[in-house]
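Q: The file below is structure09.cif, mmCIF, C-alpha atoms:
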```cif
data_start
loop_
_atom_site.label_atom_id
_atom_site.label_comp_id
_atom_site.auth_asym_id
_atom_site.auth_seq_id
_atom_site.Cartn_x
_atom_site.Cartn_y
_atom_site.Cartn_z
CA MET A 1 0.00 0.00 0.00
CA LYS A 2 2.88 2.34 0.78
CA LYS A 3 4.37 1.91 -2.66
CA LEU A 4 1.10 2.69 -4.42
CA PHE A 5 0.46 5.65 -2.11
CA LEU A 6 3.80 7.17 -3.08
CA PHE A 7 2.78 6.99 -6.70
CA PHE A 8 -0.50 8.77 -5.97
CA VAL A 9 1.39 11.55 -4.19
CA PHE A 10 4.02 12.01 -6.89
CA SER A 11 1.85 11.20 -9.89
CA LEU A 12 1.94 14.82 -11.06
CA ILE A 13 5.64 14.36 -11.66
CA SER A 14 4.75 11.64 -14.16
CA VAL A 15 4.01 14.31 -16.79
CA ASN A 16 7.77 14.71 -17.24
CA ILE A 17 8.25 10.95 -17.21
CA PHE A 18 5.66 10.61 -19.96
CA ALA A 19 7.58 13.03 -22.15
CA LYS A 20 10.73 10.87 -22.01
CA GLU A 21 9.32 7.35 -21.90
CA LYS A 22 9.79 5.19 -25.01
CA PRO A 23 7.58 2.24 -25.98
CA ILE A 24 8.73 -1.20 -24.85
CA ILE A 25 9.29 -2.59 -28.33
CA LYS A 26 12.51 -3.64 -30.03
CA ASP A 27 11.74 -3.25 -33.73
CA THR A 28 10.78 0.21 -35.04
CA TYR A 29 9.28 -1.28 -38.20
CA GLU A 30 6.99 -3.56 -36.20
CA TYR A 31 6.06 -0.73 -33.85
CA ASP A 32 5.11 1.54 -36.77
CA LEU A 33 3.13 -1.28 -38.37
CA ILE A 34 1.15 -1.93 -35.20
CA ALA A 35 0.62 1.79 -34.49
CA THR A 36 -0.75 2.49 -37.97
CA SER A 37 -3.08 -0.53 -37.77
CA ILE A 38 -4.93 0.90 -34.74
CA LYS A 39 -8.27 2.26 -35.93
CA GLY A 40 -9.50 3.86 -32.70
CA VAL A 41 -10.21 3.24 -29.03
CA SER A 42 -11.13 -0.32 -28.09
CA GLU A 43 -10.53 -2.93 -25.41
CA PRO A 44 -6.92 -4.15 -25.13
CA GLN A 45 -5.93 -6.13 -28.21
CA ILE A 46 -3.28 -8.87 -28.48
CA VAL A 47 -1.44 -8.56 -31.80
CA GLY A 48 1.14 -11.29 -32.20
CA ASP A 49 3.79 -10.78 -29.51
CA TYR A 50 2.37 -7.41 -28.46
CA ILE A 51 -0.55 -5.99 -26.50
CA VAL A 52 -2.17 -2.73 -27.65
CA PHE A 53 -3.82 -0.43 -25.11
CA THR A 54 -5.87 2.60 -26.18
CA ALA A 55 -7.58 5.54 -24.46
CA GLU A 56 -9.82 8.44 -25.42
CA HIS A 57 -8.03 11.71 -26.16
CA THR A 58 -9.87 13.55 -23.38
CA SER A 59 -6.87 13.89 -21.04
CA ARG A 60 -3.59 15.72 -21.42
CA THR A 61 -1.51 12.66 -20.47
CA VAL A 62 -2.20 8.96 -20.11
CA GLY A 63 0.09 6.39 -18.52
CA ILE A 64 -0.02 2.73 -17.54
CA ALA A 65 1.62 0.71 -14.73
CA PHE A 66 1.80 -3.10 -14.50
CA ASP A 67 1.76 -5.62 -11.69
CA PHE A 68 4.74 -7.57 -13.10
CA GLU A 69 6.82 -4.43 -12.49
CA ASN A 70 5.27 -3.97 -9.03
CA PHE A 71 3.71 -0.72 -10.35
CA SER A 72 7.17 0.84 -10.04
CA LYS A 73 7.12 2.47 -13.48
CA ILE A 74 4.58 4.53 -15.42
CA HIS A 75 4.72 4.01 -19.18
CA SER A 76 3.37 6.79 -21.37
CA TYR A 77 0.77 6.50 -24.11
CA LYS A 78 1.37 8.19 -27.45
CA ILE A 79 -1.18 10.14 -29.49
CA ARG A 80 -2.42 8.88 -32.86
CA LYS A 81 -4.23 11.32 -35.16
CA THR A 82 -6.07 10.89 -38.46
CA TYR A 83 -6.62 13.55 -41.12
CA ASP A 84 -8.88 14.05 -44.12
CA ILE A 85 -7.65 14.73 -47.66
CA GLU A 86 -7.44 18.45 -46.88
CA GLY A 87 -5.13 17.84 -43.93
CA LYS A 88 -7.77 18.58 -41.29
CA GLU A 89 -7.67 16.45 -38.16
CA THR A 90 -10.65 14.09 -38.03
CA SER A 91 -9.97 12.06 -34.88
CA SER A 92 -7.32 11.28 -32.28
CA TRP A 93 -6.68 8.83 -29.46
CA PHE A 94 -3.97 7.60 -27.10
CA PHE A 95 -2.25 4.24 -27.49
CA TYR A 96 0.50 2.16 -25.87
CA VAL A 97 2.15 -0.96 -27.30
CA LEU A 98 3.57 -3.52 -24.86
CA GLU A 99 5.72 -6.50 -25.76
CA LYS A 100 4.07 -9.50 -24.09
CA PRO A 101 5.93 -10.51 -20.91
CA LYS A 102 7.42 -13.98 -21.24
CA LYS A 103 5.59 -16.91 -19.59
CA LEU A 104 2.83 -14.73 -18.12
CA LYS A 105 -0.71 -16.05 -18.57
CA SER A 106 -2.31 -12.83 -17.28
CA LEU A 107 -1.47 -9.34 -16.12
CA SER A 108 -3.05 -6.65 -13.97
CA TYR A 109 -2.58 -2.94 -14.46
CA ARG A 110 -3.81 0.57 -13.72
CA ILE A 111 -3.82 3.61 -15.96
CA VAL A 112 -2.98 7.18 -14.96
CA LEU A 113 -5.14 9.97 -16.43
CA ASP A 114 -3.67 13.42 -15.82
CA GLY A 115 -2.03 12.12 -12.65
CA LEU A 116 -5.07 10.21 -11.34
CA TRP A 117 -4.77 6.45 -10.95
CA THR A 118 -7.78 4.44 -12.10
CA THR A 119 -8.88 1.28 -13.91
CA ASP A 120 -8.99 1.07 -17.70
CA PRO A 121 -12.44 2.20 -18.93
CA THR A 122 -11.96 0.20 -22.15
CA ASN A 123 -11.49 -3.07 -20.25
CA LYS A 124 -14.45 -4.71 -18.50
CA GLN A 125 -12.24 -7.32 -16.83
CA SER A 126 -10.98 -6.43 -13.35
CA ILE A 127 -9.82 -7.97 -10.06
CA TYR A 128 -9.76 -6.61 -6.52
CA ASP A 129 -6.41 -6.20 -4.77
CA ILE A 130 -7.33 -7.06 -1.17
CA GLU A 131 -3.94 -6.08 0.26
CA ASN A 132 -4.06 -2.54 -1.10
CA GLY A 133 -7.85 -2.17 -1.25
CA ILE A 134 -8.00 -1.15 -4.92
CA LYS A 135 -9.46 -2.49 -8.16
CA LEU A 136 -7.07 -3.46 -10.96
CA SER A 137 -7.77 -3.95 -14.65
CA TYR A 138 -7.10 -7.53 -15.70
CA LEU A 139 -6.11 -9.19 -18.96
CA GLU A 140 -5.57 -12.85 -19.81
CA ILE A 141 -2.67 -13.62 -22.17
CA PRO A 142 -3.09 -16.61 -24.51
CA GLN A 143 -0.06 -18.87 -24.76
CA THR A 144 2.34 -17.88 -27.54
CA GLU A 145 2.83 -21.47 -28.72
CA GLU A 146 -0.71 -21.49 -30.09
CA MET A 147 -0.38 -18.17 -31.91
CA ILE A 148 2.76 -18.25 -34.07
CA THR A 149 3.70 -19.17 -37.60
CA GLU A 150 5.57 -22.47 -37.40
CA SER A 151 6.53 -25.63 -39.25
CA LEU A 152 4.62 -28.66 -37.97
CA PRO A 153 5.85 -32.27 -37.74
CA GLU A 154 3.15 -33.45 -40.16
CA GLY A 155 4.89 -31.66 -43.03
CA TYR A 156 2.61 -28.62 -43.01
CA THR A 157 3.43 -25.04 -42.09
CA LYS A 158 0.91 -23.05 -40.06
CA PHE A 159 0.75 -19.35 -40.95
CA VAL A 160 -0.89 -17.00 -38.44
CA TYR A 161 -1.90 -13.35 -38.75
CA PHE A 162 -3.73 -10.98 -36.37
CA SER A 163 -5.88 -8.06 -37.46
CA GLU A 164 -9.35 -6.63 -37.04
CA PRO A 165 -12.21 -9.12 -37.43
CA GLY A 166 -13.83 -9.51 -40.83
CA GLN A 167 -10.74 -8.88 -42.96
CA LYS A 168 -9.64 -10.72 -46.09
CA ILE A 169 -6.02 -11.67 -45.36
CA ARG A 170 -3.98 -13.15 -48.22
CA LEU A 171 -0.59 -14.85 -48.26
CA GLY A 172 2.09 -14.55 -50.92
CA GLY A 173 5.77 -15.37 -51.06
CA SER A 174 8.64 -17.02 -52.82
CA PHE A 175 6.58 -20.24 -52.90
CA THR A 176 3.86 -18.51 -54.98
CA ASN A 177 6.27 -16.47 -57.13
CA TRP A 178 4.94 -13.53 -55.05
CA ASP A 179 1.40 -13.98 -56.33
CA SER A 180 -0.73 -12.90 -53.34
CA TRP A 181 -4.07 -14.01 -54.80
CA ILE A 182 -3.58 -17.78 -54.50
CA TYR A 183 -3.99 -18.28 -50.75
CA GLU A 184 -6.45 -16.57 -48.40
CA LEU A 185 -6.31 -17.17 -44.64
CA THR A 186 -9.31 -18.37 -42.65
CA GLU A 187 -10.55 -16.38 -39.64
CA THR A 188 -10.56 -19.11 -36.96
CA GLU A 189 -11.29 -16.69 -34.09
CA PRO A 190 -12.27 -12.99 -34.12
CA GLY A 191 -9.17 -11.22 -35.42
CA LYS A 192 -7.08 -14.43 -35.75
CA TYR A 193 -6.37 -15.77 -39.24
CA GLN A 194 -4.67 -19.05 -40.19
CA ILE A 195 -3.76 -21.24 -43.13
CA TYR A 196 -1.89 -24.56 -43.41
CA LEU A 197 0.38 -25.17 -46.41
CA PRO A 198 2.59 -28.16 -47.36
CA LEU A 199 5.93 -26.43 -47.94
CA PRO A 200 9.19 -28.25 -48.75
CA ALA A 201 12.39 -27.88 -46.73
CA GLY A 202 14.36 -24.74 -47.45
CA THR A 203 14.24 -20.98 -46.94
CA HIS A 204 10.95 -19.29 -47.77
CA TYR A 205 10.13 -15.57 -47.87
CA TYR A 206 6.58 -14.34 -47.51
CA ALA A 207 4.23 -11.50 -46.55
CA TYR A 208 0.56 -11.01 -45.73
CA TYR A 209 -1.68 -8.77 -47.82
CA ILE A 210 -4.80 -6.68 -47.22
CA GLY A 211 -5.87 -5.14 -50.49
CA MET A 212 -2.68 -4.01 -52.19
CA GLN A 213 -0.74 -3.40 -48.97
CA SER A 214 1.70 -5.98 -47.62
CA PHE A 215 2.64 -6.70 -43.98
CA ILE A 216 5.32 -8.77 -42.28
CA ASP A 217 4.45 -11.60 -39.90
CA LEU A 218 4.61 -10.18 -36.35
CA THR A 219 4.71 -13.70 -34.89
CA ASN A 220 7.95 -14.44 -36.76
CA PRO A 221 11.07 -12.38 -35.85
CA HIS A 222 13.07 -13.47 -38.93
CA LYS A 223 13.07 -11.11 -41.90
CA GLY A 224 14.44 -10.79 -45.40
CA TYR A 225 13.77 -8.90 -48.62
CA SER A 226 11.46 -9.51 -51.56
CA PRO A 227 12.71 -9.18 -55.16
CA ASP A 228 11.48 -5.56 -55.21
CA GLY A 229 13.40 -4.70 -52.03
CA LYS A 230 10.53 -4.72 -49.51
CA THR A 231 11.01 -6.08 -45.98
CA VAL A 232 9.27 -9.46 -45.69
CA SER A 233 9.23 -12.40 -43.29
CA CYS A 234 11.59 -15.36 -43.58
CA LEU A 235 10.88 -18.97 -42.59
CA ILE A 236 13.45 -21.79 -42.68
CA ILE A 237 12.05 -25.31 -42.86
CA LYS A 238 14.48 -28.14 -42.12
#
```
The structure given in the file should be rewritten as structure tokens.
A:
Amino acid sequence: MKKLFLFFVFSLISVNIFAKEKPIIKDTYEYDLIATSIKGVSEPQIVGDYIVFTAEHTSRTVGIAFDFENFSKIHSYKIRKTYDIEGKETSSWFFYVLEKPKKLKSLSYRIVLDGLWTTDPTNKQSIYDIENGIKLSYLEIPQTEEMITESLPEGYTKFVYFSEPGQKIRLGGSFTNWDSWIYELTETEPGKYQIYLPLPAGTHYYAYYIGMQSFIDLTNPHKGYSPDGKTVSCLIIK
């Protein structure tokens, strides 16, 4: 309780912390890809190896603190804005991208709105911290092993992609001569798309497509380049 109380007392200082804090994410390309895919404020979303938190742009600053760090650090949200063809701002919101903590099946957190600690209004899931007498927002984390692109023992390769529900996600790569209209993934759960292909041993390069835009596989850290010089994902099958 003492630790949390100190944060309440000094939370106004967090404005300066917010200005310096950087997202916990290793790859700038992946961060930019995730950030641009956010369409507005929603409940926390798990996108590959990352968790996306959003908040309404009704506060000057928004931060977030996690139980796995003992609430010892406030991470700042960034602002995302959209504009019309004339350059006029149409909407804006806060967001924060967290790399999923290893081996954690769930996490608890609180957000900080203009220095005030509270639960996440976008998240209906919560638990009560009896020791400190406060409510915490709660999020279950599915196991990574079930949500990655990988080669299976049966000779098939499972490709996985995460996006908004109701999308048409296609797959193209060196094994299709970069034709992205041959394979379309199936939405097995809301926002989770999969396809199984029998690929031979060797090194394969690929990307996912929505419309005419291509995306790397955020569940696969290995990358390479397509014939036209774009960054794509790389999968080695032995």
Q: Place a sphere of radius 12 Å on (-10.4, 3.0, -31.6) in the file coordinates and name every protein, DNA or RNA residue with an atom inside or on its surface, counting all atoms listed in the file; give the answer as a list in words.
A: Ala35, Thr36, Ser37, Ile38, Lys39, Gly40, Val41, Ser42, Glu43, Pro44, Gln45, Val52, Phe53, Thr54, Ala55, Glu56, His57, Ile79, Arg80, Lys81, Thr82, Ser91, Ser92, Trp93, Phe94, Phe95, Thr122 and Glu164 of chain A
Q: Convert the current residue selection to file output with C-alpha atoms, as a PDB file, keeping the file's coordinate frame.
A:
```pdb
ATOM      1  CA  ALA A  35       0.620   1.790 -34.490  1.00  0.00           C
ATOM      2  CA  THR A  36      -0.750   2.490 -37.970  1.00  0.00           C
ATOM      3  CA  SER A  37      -3.080  -0.530 -37.770  1.00  0.00           C
ATOM      4  CA  ILE A  38      -4.930   0.900 -34.740  1.00  0.00           C
ATOM      5  CA  LYS A  39      -8.270   2.260 -35.930  1.00  0.00           C
ATOM      6  CA  GLY A  40      -9.500   3.860 -32.700  1.00  0.00           C
ATOM      7  CA  VAL A  41     -10.210   3.240 -29.030  1.00  0.00           C
ATOM      8  CA  SER A  42     -11.130  -0.320 -28.090  1.00  0.00           C
ATOM      9  CA  GLU A  43     -10.530  -2.930 -25.410  1.00  0.00           C
ATOM     10  CA  PRO A  44      -6.920  -4.150 -25.130  1.00  0.00           C
ATOM     11  CA  GLN A  45      -5.930  -6.130 -28.210  1.00  0.00           C
ATOM     12  CA  VAL A  52      -2.170  -2.730 -27.650  1.00  0.00           C
ATOM     13  CA  PHE A  53      -3.820  -0.430 -25.110  1.00  0.00           C
ATOM     14  CA  THR A  54      -5.870   2.600 -26.180  1.00  0.00           C
ATOM     15  CA  ALA A  55      -7.580   5.540 -24.460  1.00  0.00           C
ATOM     16  CA  GLU A  56      -9.820   8.440 -25.420  1.00  0.00           C
ATOM     17  CA  HIS A  57      -8.030  11.710 -26.160  1.00  0.00           C
ATOM     18  CA  ILE A  79      -1.180  10.140 -29.490  1.00  0.00           C
ATOM     19  CA  ARG A  80      -2.420   8.880 -32.860  1.00  0.00           C
ATOM     20  CA  LYS A  81      -4.230  11.320 -35.160  1.00  0.00           C
ATOM     21  CA  THR A  82      -6.070  10.890 -38.460  1.00  0.00           C
ATOM     22  CA  SER A  91      -9.970  12.060 -34.880  1.00  0.00           C
ATOM     23  CA  SER A  92      -7.320  11.280 -32.280  1.00  0.00           C
ATOM     24  CA  TRP A  93      -6.680   8.830 -29.460  1.00  0.00           C
ATOM     25  CA  PHE A  94      -3.970   7.600 -27.100  1.00  0.00           C
ATOM     26  CA  PHE A  95      -2.250   4.240 -27.490  1.00  0.00           C
ATOM     27  CA  THR A 122     -11.960   0.200 -22.150  1.00  0.00           C
ATOM     28  CA  GLU A 164      -9.350  -6.630 -37.040  1.00  0.00           C
TER      29      GLU A 164
END
```
Q: Within 8 Å of (-13.0, -12.4, -40.0) (file coordinates; all atoms listed in the file), which protein or nucleic acid residues are there? I'd like them as a list in words.
A: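 I get Glu164, Pro165, Gly166, Gln167, Lys168, Thr186, Glu187, Thr188, Glu189, Pro190, Gly191, Lys192 and Tyr193 of chain A for the residues within 8 Å of that point.
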Q: Would you list the contacts of range 202-219 of chain A as a count of residues only, taking every protein, DNA or RNA residue within 10 Å and counting all atoms listed in the file, but skipping same-chain residues closer than 5 positions in sequence?
A: 48
Q: One decimal, Å: what's the distance from CA of Val112 in chain A over to CA of Thr61 in chain A, could you say?
A: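 CA of Val112 in chain A sits 7.9 Å away from CA of Thr61 in chain A.
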Q: Please measure the separation of CA of Ile64 in chain A and CA of Ile111 in chain A, giving the value in Å to one decimal.
A: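 Calculated distance between CA of Ile64 in chain A and CA of Ile111 in chain A is 4.2 Å.
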Q: Could you check the closest approach to Asp67 in chain A for each of A:Val97, A:Leu139, A:Ile85, A:Leu116 and tell me which residue wins, using all atoms listed in the file?
A: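 Under the stated criterion, the closest residue is A:Leu139.
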Q: For Gly155 in chain A, please output as a ChimeraX atom specification all residues within 10 Å (counting only C-alpha atoms; exclusion window: fewer than 5 positions along the same chain).
A: /A:196-201,237
Q: To one decimal place in Å, what is the distance between CA of Leu136 in chain A and CA of Arg60 in chain A?
A: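 Taking CA of Leu136 in chain A as the start and CA of Arg60 in chain A as the end point, the length is 22.1 Å.
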Q: Kindly indicate which residue among A:Lys88, A:Leu113, A:Leu98, A:Tyr138 lies nearest to Gln125 in chain A, using all atoms listed in the file for the distances.
A: A:Tyr138
Q: Given the choices A:Asp228, A:Ile127, A:Tyr109, A:Glu89, which gets closest to Lys73 in chain A if the distance is worked out from all atoms listed in the file?
A: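 Counting all atoms listed in the file, the residue closest to Lys73 in chain A is A:Tyr109.
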Q: I'd like the contact shell of Glu69 in chain A - 12 Å cut-off, all atoms listed in the file, skipping same-chain residues fewer than 2 positions apart - returned as an MDAnalysis selection string.
A: chainID A and resid 3 64:67 71:75 101 107:110
Q: Could range 35-57 of chain A be completed with N, CA, C and O atoms and written as a PDB file, in the coordinates of the input, please?
A:
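Saved the output as result27.pdb:
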```
ATOM      1  N   ALA A  35       1.198   0.476 -34.780  1.00  0.00           N
ATOM      2  CA  ALA A  35       0.620   1.790 -34.490  1.00  0.00           C
ATOM      3  C   ALA A  35      -0.319   2.248 -35.597  1.00  0.00           C
ATOM      4  O   ALA A  35      -1.405   2.764 -35.334  1.00  0.00           O
ATOM      5  N   THR A  36       0.084   2.043 -36.846  1.00  0.00           N
ATOM      6  CA  THR A  36      -0.750   2.490 -37.970  1.00  0.00           C
ATOM      7  C   THR A  36      -1.969   1.594 -38.172  1.00  0.00           C
ATOM      8  O   THR A  36      -2.915   1.987 -38.860  1.00  0.00           O
ATOM      9  N   SER A  37      -1.949   0.376 -37.609  1.00  0.00           N
ATOM     10  CA  SER A  37      -3.080  -0.530 -37.770  1.00  0.00           C
ATOM     11  C   SER A  37      -4.203  -0.245 -36.770  1.00  0.00           C
ATOM     12  O   SER A  37      -5.316  -0.752 -36.920  1.00  0.00           O
ATOM     13  N   ILE A  38      -3.926   0.580 -35.740  1.00  0.00           N
ATOM     14  CA  ILE A  38      -4.930   0.900 -34.740  1.00  0.00           C
ATOM     15  C   ILE A  38      -5.963   1.853 -35.350  1.00  0.00           C
ATOM     16  O   ILE A  38      -5.611   2.908 -35.872  1.00  0.00           O
ATOM     17  N   LYS A  39      -7.222   1.481 -35.274  1.00  0.00           N
ATOM     18  CA  LYS A  39      -8.270   2.260 -35.930  1.00  0.00           C
ATOM     19  C   LYS A  39      -9.053   3.151 -34.965  1.00  0.00           C
ATOM     20  O   LYS A  39      -9.904   3.915 -35.390  1.00  0.00           O
ATOM     21  N   GLY A  40      -8.787   3.062 -33.673  1.00  0.00           N
ATOM     22  CA  GLY A  40      -9.500   3.860 -32.700  1.00  0.00           C
ATOM     23  C   GLY A  40      -9.430   3.222 -31.328  1.00  0.00           C
ATOM     24  O   GLY A  40      -8.662   2.287 -31.099  1.00  0.00           O
ATOM     25  N   VAL A  41     -10.225   3.728 -30.415  1.00  0.00           N
ATOM     26  CA  VAL A  41     -10.210   3.240 -29.030  1.00  0.00           C
ATOM     27  C   VAL A  41     -11.026   1.958 -28.924  1.00  0.00           C
ATOM     28  O   VAL A  41     -12.154   1.878 -29.417  1.00  0.00           O
ATOM     29  N   SER A  42     -10.447   0.953 -28.279  1.00  0.00           N
ATOM     30  CA  SER A  42     -11.130  -0.320 -28.090  1.00  0.00           C
ATOM     31  C   SER A  42     -10.555  -1.008 -26.863  1.00  0.00           C
ATOM     32  O   SER A  42      -9.609  -0.502 -26.234  1.00  0.00           O
ATOM     33  N   GLU A  43     -11.092  -2.147 -26.511  1.00  0.00           N
ATOM     34  CA  GLU A  43     -10.530  -2.930 -25.410  1.00  0.00           C
ATOM     35  C   GLU A  43      -9.125  -3.373 -25.785  1.00  0.00           C
ATOM     36  O   GLU A  43      -8.772  -3.382 -26.974  1.00  0.00           O
ATOM     37  N   PRO A  44      -8.287  -3.727 -24.809  1.00  0.00           N
ATOM     38  CA  PRO A  44      -6.920  -4.150 -25.130  1.00  0.00           C
ATOM     39  C   PRO A  44      -6.906  -5.278 -26.150  1.00  0.00           C
ATOM     40  O   PRO A  44      -7.692  -6.221 -26.063  1.00  0.00           O
ATOM     41  N   GLN A  45      -6.016  -5.156 -27.132  1.00  0.00           N
ATOM     42  CA  GLN A  45      -5.930  -6.130 -28.210  1.00  0.00           C
ATOM     43  C   GLN A  45      -4.554  -6.808 -28.187  1.00  0.00           C
ATOM     44  O   GLN A  45      -3.534  -6.143 -28.017  1.00  0.00           O
ATOM     45  N   ILE A  46      -4.538  -8.126 -28.367  1.00  0.00           N
ATOM     46  CA  ILE A  46      -3.280  -8.870 -28.480  1.00  0.00           C
ATOM     47  C   ILE A  46      -2.983  -9.041 -29.962  1.00  0.00           C
ATOM     48  O   ILE A  46      -3.763  -9.636 -30.704  1.00  0.00           O
ATOM     49  N   VAL A  47      -1.847  -8.495 -30.393  1.00  0.00           N
ATOM     50  CA  VAL A  47      -1.440  -8.560 -31.800  1.00  0.00           C
ATOM     51  C   VAL A  47      -0.091  -9.261 -31.857  1.00  0.00           C
ATOM     52  O   VAL A  47       0.948  -8.657 -31.586  1.00  0.00           O
ATOM     53  N   GLY A  48      -0.100 -10.538 -32.173  1.00  0.00           N
ATOM     54  CA  GLY A  48       1.140 -11.290 -32.200  1.00  0.00           C
ATOM     55  C   GLY A  48       1.806 -11.319 -30.834  1.00  0.00           C
ATOM     56  O   GLY A  48       1.223 -11.762 -29.849  1.00  0.00           O
ATOM     57  N   ASP A  49       3.034 -10.809 -30.767  1.00  0.00           N
ATOM     58  CA  ASP A  49       3.790 -10.780 -29.510  1.00  0.00           C
ATOM     59  C   ASP A  49       3.573  -9.486 -28.731  1.00  0.00           C
ATOM     60  O   ASP A  49       4.328  -9.201 -27.798  1.00  0.00           O
ATOM     61  N   TYR A  50       2.577  -8.708 -29.086  1.00  0.00           N
ATOM     62  CA  TYR A  50       2.370  -7.410 -28.460  1.00  0.00           C
ATOM     63  C   TYR A  50       0.930  -7.231 -27.980  1.00  0.00           C
ATOM     64  O   TYR A  50       0.015  -7.887 -28.472  1.00  0.00           O
ATOM     65  N   ILE A  51       0.770  -6.339 -27.011  1.00  0.00           N
ATOM     66  CA  ILE A  51      -0.550  -5.990 -26.500  1.00  0.00           C
ATOM     67  C   ILE A  51      -0.757  -4.501 -26.729  1.00  0.00           C
ATOM     68  O   ILE A  51       0.104  -3.684 -26.366  1.00  0.00           O
ATOM     69  N   VAL A  52      -1.886  -4.131 -27.327  1.00  0.00           N
ATOM     70  CA  VAL A  52      -2.170  -2.730 -27.650  1.00  0.00           C
ATOM     71  C   VAL A  52      -3.228  -2.199 -26.701  1.00  0.00           C
ATOM     72  O   VAL A  52      -4.331  -2.750 -26.598  1.00  0.00           O
ATOM     73  N   PHE A  53      -2.896  -1.118 -26.000  1.00  0.00           N
ATOM     74  CA  PHE A  53      -3.820  -0.430 -25.110  1.00  0.00           C
ATOM     75  C   PHE A  53      -4.185   0.912 -25.738  1.00  0.00           C
ATOM     76  O   PHE A  53      -3.317   1.588 -26.304  1.00  0.00           O
ATOM     77  N   THR A  54      -5.439   1.314 -25.626  1.00  0.00           N
ATOM     78  CA  THR A  54      -5.870   2.600 -26.180  1.00  0.00           C
ATOM     79  C   THR A  54      -6.682   3.372 -25.148  1.00  0.00           C
ATOM     80  O   THR A  54      -7.197   2.800 -24.186  1.00  0.00           O
ATOM     81  N   ALA A  55      -6.812   4.680 -25.370  1.00  0.00           N
ATOM     82  CA  ALA A  55      -7.580   5.540 -24.460  1.00  0.00           C
ATOM     83  C   ALA A  55      -8.112   6.737 -25.237  1.00  0.00           C
ATOM     84  O   ALA A  55      -7.496   7.185 -26.219  1.00  0.00           O
ATOM     85  N   GLU A  56      -9.244   7.245 -24.793  1.00  0.00           N
ATOM     86  CA  GLU A  56      -9.820   8.440 -25.420  1.00  0.00           C
ATOM     87  C   GLU A  56      -8.891   9.631 -25.234  1.00  0.00           C
ATOM     88  O   GLU A  56      -8.218   9.771 -24.201  1.00  0.00           O
ATOM     89  N   HIS A  57      -8.865  10.512 -26.232  1.00  0.00           N
ATOM     90  CA  HIS A  57      -8.030  11.710 -26.160  1.00  0.00           C
ATOM     91  C   HIS A  57      -8.806  12.832 -25.450  1.00  0.00           C
ATOM     92  O   HIS A  57      -9.083  13.887 -26.018  1.00  0.00           O
TER      93      HIS A  57
END
```
